[in-house]
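Q: So here's run-v5.pdb, just PDB, C-alpha atoms:
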```
ATOM      1  CA  GLU F  27     -18.995  46.401  11.960  1.00  0.00           C
ATOM      2  CA  MET F  28     -18.357  43.196  13.872  1.00  0.00           C
ATOM      3  CA  PHE F  29     -20.111  44.211  17.105  1.00  0.00           C
ATOM      4  CA  ARG F  30     -23.712  45.240  17.592  1.00  0.00           C
ATOM      5  CA  ARG F  31     -24.673  48.340  19.545  1.00  0.00           C
ATOM      6  CA  ASP F  32     -26.400  46.169  22.155  1.00  0.00           C
ATOM      7  CA  ASN F  33     -23.004  44.608  22.986  1.00  0.00           C
ATOM      8  CA  GLN F  34     -21.336  47.896  23.918  1.00  0.00           C
ATOM      9  CA  THR F  35     -21.039  46.911  27.577  1.00  0.00           C
ATOM     10  CA  ASN F  36     -19.012  43.839  26.604  1.00  0.00           C
ATOM     11  CA  LEU F  37     -16.672  45.937  24.453  1.00  0.00           C
ATOM     12  CA  ASP F  38     -16.204  48.353  27.361  1.00  0.00           C
ATOM     13  CA  ARG F  39     -15.495  45.455  29.733  1.00  0.00           C
ATOM     14  CA  TRP F  40     -12.948  44.030  27.275  1.00  0.00           C
ATOM     15  CA  VAL F  41     -11.060  47.319  26.975  1.00  0.00           C
ATOM     16  CA  ALA F  42     -11.161  47.760  30.766  1.00  0.00           C
ATOM     17  CA  GLY F  43      -9.523  44.345  31.212  1.00  0.00           C
ATOM     18  CA  GLU F  44     -12.560  42.819  32.945  1.00  0.00           C
ATOM     19  CA  LEU F  45     -12.881  39.888  30.519  1.00  0.00           C
ATOM     20  CA  SER F  46     -10.317  37.241  29.710  1.00  0.00           C
ATOM     21  CA  GLU F  47      -9.498  36.594  26.079  1.00  0.00           C
ATOM     22  CA  ARG F  48     -11.338  33.276  26.296  1.00  0.00           C
ATOM     23  CA  GLU F  49     -14.478  34.945  27.717  1.00  0.00           C
ATOM     24  CA  PHE F  50     -14.334  37.664  25.098  1.00  0.00           C
ATOM     25  CA  GLN F  51     -13.940  35.194  22.224  1.00  0.00           C
ATOM     26  CA  LYS F  52     -17.317  33.661  23.120  1.00  0.00           C
ATOM     27  CA  ILE F  53     -18.904  37.109  22.880  1.00  0.00           C
ATOM     28  CA  TYR F  54     -17.002  37.830  19.668  1.00  0.00           C
ATOM     29  CA  TYR F  55     -18.375  34.700  17.988  1.00  0.00           C
ATOM     30  CA  LYS F  56     -21.944  35.622  18.990  1.00  0.00           C
ATOM     31  CA  ASN F  57     -21.427  38.858  17.043  1.00  0.00           C
ATOM     32  CA  TRP F  58     -19.197  37.872  14.158  1.00  0.00           C
ATOM     33  CA  ASN F  59     -18.481  34.734  12.147  1.00  0.00           C
ATOM     34  CA  TYR F  60     -14.971  35.454  10.858  1.00  0.00           C
ATOM     35  CA  PRO F  61     -12.121  33.678  12.672  1.00  0.00           C
ATOM     36  CA  TRP F  62     -10.908  35.422  15.825  1.00  0.00           C
ATOM     37  CA  PRO F  63      -7.229  35.295  14.735  1.00  0.00           C
ATOM     38  CA  LEU F  64      -8.015  37.652  11.823  1.00  0.00           C
ATOM     39  CA  TYR F  65      -9.016  40.457  14.218  1.00  0.00           C
ATOM     40  CA  ARG F  66      -7.303  39.423  17.463  1.00  0.00           C
ATOM     41  CA  ASP F  67      -4.419  41.893  17.173  1.00  0.00           C
ATOM     42  CA  ILE F  68      -6.812  44.824  16.745  1.00  0.00           C
ATOM     43  CA  PHE F  69      -8.720  43.863  19.896  1.00  0.00           C
ATOM     44  CA  LEU F  70      -5.538  43.248  21.890  1.00  0.00           C
ATOM     45  CA  TYR F  71      -4.093  46.599  20.778  1.00  0.00           C
ATOM     46  CA  ALA F  72      -7.246  48.468  21.806  1.00  0.00           C
ATOM     47  CA  ARG F  73      -7.210  46.750  25.172  1.00  0.00           C
ATOM     48  CA  LYS F  74      -3.493  47.354  25.788  1.00  0.00           C
ATOM     49  CA  TYR F  75      -3.768  51.081  25.045  1.00  0.00           C
ATOM     50  CA  LYS F  76      -7.297  51.536  26.488  1.00  0.00           C
ATOM     51  CA  ILE F  77      -8.678  52.666  23.129  1.00  0.00           C
ATOM     52  CA  PRO F  78     -12.484  52.694  23.223  1.00  0.00           C
ATOM     53  CA  MET F  79     -14.211  50.289  20.862  1.00  0.00           C
ATOM     54  CA  VAL F  80     -17.704  51.091  19.596  1.00  0.00           C
ATOM     55  CA  GLY F  81     -20.364  48.603  18.551  1.00  0.00           C
ATOM     56  CA  LEU F  82     -21.916  49.966  15.356  1.00  0.00           C
ATOM     57  CA  ASN F  83     -24.003  47.125  13.998  1.00  0.00           C
ATOM     58  CA  VAL F  84     -27.666  46.141  14.250  1.00  0.00           C
ATOM     59  CA  PRO F  85     -28.963  42.676  15.151  1.00  0.00           C
ATOM     60  CA  PRO F  86     -28.431  40.356  12.179  1.00  0.00           C
ATOM     61  CA  GLU F  87     -32.050  39.207  12.237  1.00  0.00           C
ATOM     62  CA  VAL F  88     -33.100  42.725  11.205  1.00  0.00           C
ATOM     63  CA  THR F  89     -30.915  42.878   8.107  1.00  0.00           C
ATOM     64  CA  ARG F  90     -31.717  39.247   7.242  1.00  0.00           C
ATOM     65  CA  GLN F  91     -35.431  40.030   7.384  1.00  0.00           C
ATOM     66  CA  VAL F  92     -34.992  43.115   5.198  1.00  0.00           C
ATOM     67  CA  ALA F  93     -32.943  41.112   2.679  1.00  0.00           C
ATOM     68  CA  ARG F  94     -35.655  38.421   2.536  1.00  0.00           C
ATOM     69  CA  GLU F  95     -38.853  40.443   2.816  1.00  0.00           C
ATOM     70  CA  GLY F  96     -37.924  44.094   2.260  1.00  0.00           C
ATOM     71  CA  PHE F  97     -37.722  47.117   4.548  1.00  0.00           C
ATOM     72  CA  ALA F  98     -41.520  47.471   4.666  1.00  0.00           C
ATOM     73  CA  SER F  99     -41.729  44.114   6.502  1.00  0.00           C
ATOM     74  CA  LEU F 100     -40.125  45.488   9.680  1.00  0.00           C
ATOM     75  CA  SER F 101     -42.427  45.931  12.665  1.00  0.00           C
ATOM     76  CA  PRO F 102     -42.823  49.340  14.336  1.00  0.00           C
ATOM     77  CA  LYS F 103     -40.664  48.014  17.221  1.00  0.00           C
ATOM     78  CA  GLN F 104     -37.876  46.968  14.844  1.00  0.00           C
ATOM     79  CA  ARG F 105     -38.018  50.322  13.067  1.00  0.00           C
ATOM     80  CA  GLY F 106     -37.979  52.082  16.425  1.00  0.00           C
ATOM     81  CA  ASP F 107     -34.614  50.496  17.196  1.00  0.00           C
ATOM     82  CA  LEU F 108     -33.162  51.959  13.991  1.00  0.00           C
ATOM     83  CA  PRO F 109     -32.257  55.527  13.092  1.00  0.00           C
ATOM     84  CA  MET F 110     -34.425  57.311  10.552  1.00  0.00           C
ATOM     85  CA  VAL F 111     -33.866  55.142   7.504  1.00  0.00           C
ATOM     86  CA  THR F 112     -35.217  56.084   4.129  1.00  0.00           C
ATOM     87  CA  CYS F 113     -34.909  52.958   2.049  1.00  0.00           C
ATOM     88  CA  ARG F 114     -34.863  54.547  -1.372  1.00  0.00           C
ATOM     89  CA  VAL F 115     -32.627  52.349  -3.438  1.00  0.00           C
ATOM     90  CA  ASP F 116     -31.687  54.366  -6.506  1.00  0.00           C
ATOM     91  CA  PRO F 117     -29.836  53.046  -9.583  1.00  0.00           C
ATOM     92  CA  GLU F 118     -26.537  54.603  -8.434  1.00  0.00           C
ATOM     93  CA  TYR F 119     -26.719  52.769  -5.106  1.00  0.00           C
ATOM     94  CA  MET F 120     -27.640  49.485  -6.806  1.00  0.00           C
ATOM     95  CA  ALA F 121     -24.638  49.838  -9.136  1.00  0.00           C
ATOM     96  CA  PHE F 122     -22.449  50.566  -6.107  1.00  0.00           C
ATOM     97  CA  VAL F 123     -23.643  47.405  -4.315  1.00  0.00           C
ATOM     98  CA  ARG F 124     -23.076  45.284  -7.413  1.00  0.00           C
ATOM     99  CA  ARG F 125     -19.567  46.651  -7.809  1.00  0.00           C
ATOM    100  CA  SER F 126     -18.516  46.647  -4.164  1.00  0.00           C
ATOM    101  CA  LEU F 127     -19.723  43.104  -3.551  1.00  0.00           C
ATOM    102  CA  GLY F 128     -18.938  41.644  -6.956  1.00  0.00           C
ATOM    103  CA  MET F 129     -22.608  40.923  -7.690  1.00  0.00           C
ATOM    104  CA  HIS F 130     -22.698  41.468 -11.437  1.00  0.00           C
ATOM    105  CA  GLY F 131     -25.810  40.181 -13.167  1.00  0.00           C
ATOM    106  CA  HIS F 132     -28.059  40.399 -10.101  1.00  0.00           C
ATOM    107  CA  GLY F 133     -31.291  42.328 -10.443  1.00  0.00           C
ATOM    108  CA  GLY F 134     -35.002  42.286  -9.767  1.00  0.00           C
ATOM    109  CA  MET F 135     -36.958  42.531  -6.547  1.00  0.00           C
ATOM    110  CA  GLU F 136     -34.688  40.177  -4.586  1.00  0.00           C
ATOM    111  CA  PHE F 137     -31.682  42.350  -5.376  1.00  0.00           C
ATOM    112  CA  THR F 138     -33.627  45.479  -4.370  1.00  0.00           C
ATOM    113  CA  LYS F 139     -34.351  43.890  -0.971  1.00  0.00           C
ATOM    114  CA  PHE F 140     -30.674  43.009  -0.613  1.00  0.00           C
ATOM    115  CA  CYS F 141     -29.799  46.653  -1.358  1.00  0.00           C
ATOM    116  CA  GLU F 142     -32.345  47.779   1.244  1.00  0.00           C
ATOM    117  CA  ALA F 143     -30.623  45.554   3.812  1.00  0.00           C
ATOM    118  CA  GLN F 144     -27.243  47.065   2.915  1.00  0.00           C
ATOM    119  CA  LEU F 145     -28.734  50.553   3.254  1.00  0.00           C
ATOM    120  CA  VAL F 146     -30.176  49.723   6.692  1.00  0.00           C
ATOM    121  CA  TRP F 147     -26.746  48.447   7.749  1.00  0.00           C
ATOM    122  CA  ASP F 148     -24.903  51.505   6.403  1.00  0.00           C
ATOM    123  CA  THR F 149     -27.372  53.957   7.932  1.00  0.00           C
ATOM    124  CA  ALA F 150     -27.444  52.276  11.339  1.00  0.00           C
ATOM    125  CA  MET F 151     -23.656  52.045  11.549  1.00  0.00           C
ATOM    126  CA  ALA F 152     -23.258  55.701  10.529  1.00  0.00           C
ATOM    127  CA  TRP F 153     -25.859  56.713  13.106  1.00  0.00           C
ATOM    128  CA  SER F 154     -24.107  54.721  15.865  1.00  0.00           C
ATOM    129  CA  LEU F 155     -20.805  56.343  14.974  1.00  0.00           C
ATOM    130  CA  LEU F 156     -22.291  59.843  14.991  1.00  0.00           C
ATOM    131  CA  ARG F 157     -23.915  59.225  18.386  1.00  0.00           C
ATOM    132  CA  TYR F 158     -20.502  58.230  19.744  1.00  0.00           C
ATOM    133  CA  LEU F 159     -18.904  61.353  18.249  1.00  0.00           C
ATOM    134  CA  GLU F 160     -21.604  63.590  19.769  1.00  0.00           C
ATOM    135  CA  LYS F 161     -20.551  62.311  23.193  1.00  0.00           C
ATOM    136  CA  ASN F 162     -16.833  62.377  22.298  1.00  0.00           C
ATOM    137  CA  PRO F 163     -16.406  65.340  19.917  1.00  0.00           C
ATOM    138  CA  LYS F 164     -12.598  65.352  20.071  1.00  0.00           C
ATOM    139  CA  ALA F 165     -12.270  61.656  19.274  1.00  0.00           C
ATOM    140  CA  THR F 166     -10.581  60.342  16.170  1.00  0.00           C
ATOM    141  CA  VAL F 167     -12.295  57.144  15.078  1.00  0.00           C
ATOM    142  CA  VAL F 168     -11.130  54.299  12.866  1.00  0.00           C
ATOM    143  CA  VAL F 169     -14.027  52.243  11.519  1.00  0.00           C
ATOM    144  CA  VAL F 170     -13.262  48.649  10.619  1.00  0.00           C
ATOM    145  CA  ALA F 171     -15.985  47.462   8.257  1.00  0.00           C
ATOM    146  CA  GLY F 172     -16.263  45.293   5.203  1.00  0.00           C
ATOM    147  CA  SER F 173     -15.454  46.923   1.892  1.00  0.00           C
ATOM    148  CA  GLY F 174     -19.130  46.792   0.871  1.00  0.00           C
ATOM    149  CA  HIS F 175     -19.920  49.246   3.687  1.00  0.00           C
ATOM    150  CA  SER F 176     -16.705  51.254   3.467  1.00  0.00           C
ATOM    151  CA  TRP F 177     -16.927  52.694  -0.042  1.00  0.00           C
ATOM    152  CA  LYS F 178     -17.946  56.354   0.004  1.00  0.00           C
ATOM    153  CA  LEU F 179     -21.503  55.406  -1.038  1.00  0.00           C
ATOM    154  CA  GLY F 180     -21.780  53.119   2.019  1.00  0.00           C
ATOM    155  CA  ILE F 181     -21.346  54.289   5.622  1.00  0.00           C
ATOM    156  CA  PRO F 182     -19.524  57.510   4.584  1.00  0.00           C
ATOM    157  CA  ALA F 183     -22.486  58.695   2.464  1.00  0.00           C
ATOM    158  CA  GLN F 184     -24.800  58.174   5.424  1.00  0.00           C
ATOM    159  CA  ILE F 185     -22.422  60.127   7.676  1.00  0.00           C
ATOM    160  CA  GLN F 186     -22.180  62.925   5.126  1.00  0.00           C
ATOM    161  CA  SER F 187     -25.977  63.192   4.831  1.00  0.00           C
ATOM    162  CA  ARG F 188     -26.300  63.715   8.603  1.00  0.00           C
ATOM    163  CA  SER F 189     -23.158  65.576   9.651  1.00  0.00           C
ATOM    164  CA  THR F 190     -20.157  67.630   8.659  1.00  0.00           C
ATOM    165  CA  VAL F 191     -17.761  65.198  10.359  1.00  0.00           C
ATOM    166  CA  PRO F 192     -14.665  64.883   8.163  1.00  0.00           C
ATOM    167  CA  PHE F 193     -13.652  61.399   7.063  1.00  0.00           C
ATOM    168  CA  ARG F 194     -11.241  59.534   4.824  1.00  0.00           C
ATOM    169  CA  VAL F 195     -11.912  56.196   3.166  1.00  0.00           C
ATOM    170  CA  ILE F 196      -9.169  53.600   2.798  1.00  0.00           C
ATOM    171  CA  LEU F 197     -10.129  50.515   0.809  1.00  0.00           C
ATOM    172  CA  PRO F 198      -7.946  47.437   0.549  1.00  0.00           C
ATOM    173  CA  GLU F 199      -7.294  46.190  -2.944  1.00  0.00           C
ATOM    174  CA  VAL F 200      -9.339  42.991  -3.436  1.00  0.00           C
ATOM    175  CA  PRO F 201      -8.763  41.358  -6.829  1.00  0.00           C
ATOM    176  CA  GLY F 202     -12.022  40.987  -8.717  1.00  0.00           C
ATOM    177  CA  ARG F 203     -13.870  43.485  -6.489  1.00  0.00           C
ATOM    178  CA  VAL F 204     -11.690  46.406  -5.468  1.00  0.00           C
ATOM    179  CA  GLU F 205      -9.004  47.068  -8.053  1.00  0.00           C
ATOM    180  CA  LYS F 206      -6.927  50.223  -7.996  1.00  0.00           C
ATOM    181  CA  GLU F 207      -7.468  50.907 -11.708  1.00  0.00           C
ATOM    182  CA  HIS F 208     -11.224  51.264 -11.171  1.00  0.00           C
ATOM    183  CA  ILE F 209     -11.279  53.357  -8.004  1.00  0.00           C
ATOM    184  CA  GLY F 210     -11.555  57.115  -8.102  1.00  0.00           C
ATOM    185  CA  LEU F 211     -12.142  59.785  -5.480  1.00  0.00           C
ATOM    186  CA  ASN F 212     -15.893  59.107  -5.648  1.00  0.00           C
ATOM    187  CA  GLU F 213     -15.247  55.661  -4.165  1.00  0.00           C
ATOM    188  CA  ALA F 214     -12.280  56.089  -1.800  1.00  0.00           C
ATOM    189  CA  ASP F 215      -9.551  58.503  -0.786  1.00  0.00           C
ATOM    190  CA  TYR F 216      -6.856  55.829  -0.633  1.00  0.00           C
ATOM    191  CA  VAL F 217      -6.355  52.248  -1.783  1.00  0.00           C
ATOM    192  CA  TRP F 218      -4.295  49.879   0.354  1.00  0.00           C
ATOM    193  CA  LEU F 219      -2.268  47.810  -2.098  1.00  0.00           C
ATOM    194  CA  GLU F 220      -1.388  44.189  -1.432  1.00  0.00           C
TER
END
```
For this file, produce the structure as structure tokens.
A:
Amino acid sequence: EMFRRDNQTNLDRWVAGELSEREFQKIYYKNWNYPWPLYRDIFLYARKYKIPMVGLNVPPEVTRQVAREGFASLSPKQRGDLPMVTCRVDPEYMAFVRRSLGMHGHGGMEFTKFCEAQLVWDTAMAWSLLRYLEKNPKATVVVVAGSGHSWKLGIPAQIQSRSTVPFRVILPEVPGRVEKEHIGLNEADYVWLE
């Protein structure tokens, strides 16, 4: 989730050893706002073992615009840069977003737009992943994404609606949001306990 598709060349250069850690950190912070030390070991491991890394995300201005103004506000150019997205936010998806992000009590049009933004994110990341797998059909992929995208109704549901690619969902236990007592097979296959 932390890298956009349009930064794939930089990810490839990192894995190939063409960028120093300092150079790569600058690129990282243009894509992601969480501290580098939280993810550093993952990036170093991928580089050491030449494991391809795939940028899945869309430009943040797209999802910000959808969250503010709704999916219908996107220009034809912006929509053209996305996969086929049907922004039908049903009650089940809204309940999923509330639960996965701890947003109890939110509702109305603003919340619907927020759900549309989440759906654009989930769909685009699933689409990027499937494009990678089309080119690399024997690859095993580990997706690192926030829990709001990782529940089975997030990215996995978008994968399942477009492909027969098998997947497993592992969610970390997050007190107040992801608690093992409230997670069934409809949400995840495994829960990583603290």
Q: Apply the PyMOL selection byres ((chain F and resi 178) around 10) to the displayed file and report the matching residues as a ChimeraX atom specification.
A: /F:122,173-177,179-186,193-197,211-215
Q: So how many Å separate atom CA of F:Val84 and atom CA of F:Arg30, to one decimal?
A: 5.3 Å
Q: On this structure, which residues satisfy the PyMOL selection byres ((chain F and resi 165) around 12), written as a PyMOL selection string?
A: chain F and resi 77-80+155-164+166-168+191-192
Q: For F:Ala42, work out the shell of residues within 8 Å, counting all atoms listed in the file and skipping chain neighbours fewer than 3 positions away, then give it as a VMD selection string.
A: chain F and resid 38 to 39 73 76
Q: Between F:Ala121, F:Ala93, F:Leu82, F:Met135, which has the minimum distance to F:Thr149 (counting all atoms listed in the file)?
A: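 Under the stated criterion, the closest residue is F:Leu82.
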Q: For the point (-21.4, 49.5, 15.5) in the file's frame, write as an NGL selection string all residues with an atom no more than 6 Å away, counting only C-alpha atoms.
A: :F and (27 or 29-31 or 80-83 or 151 or 154)
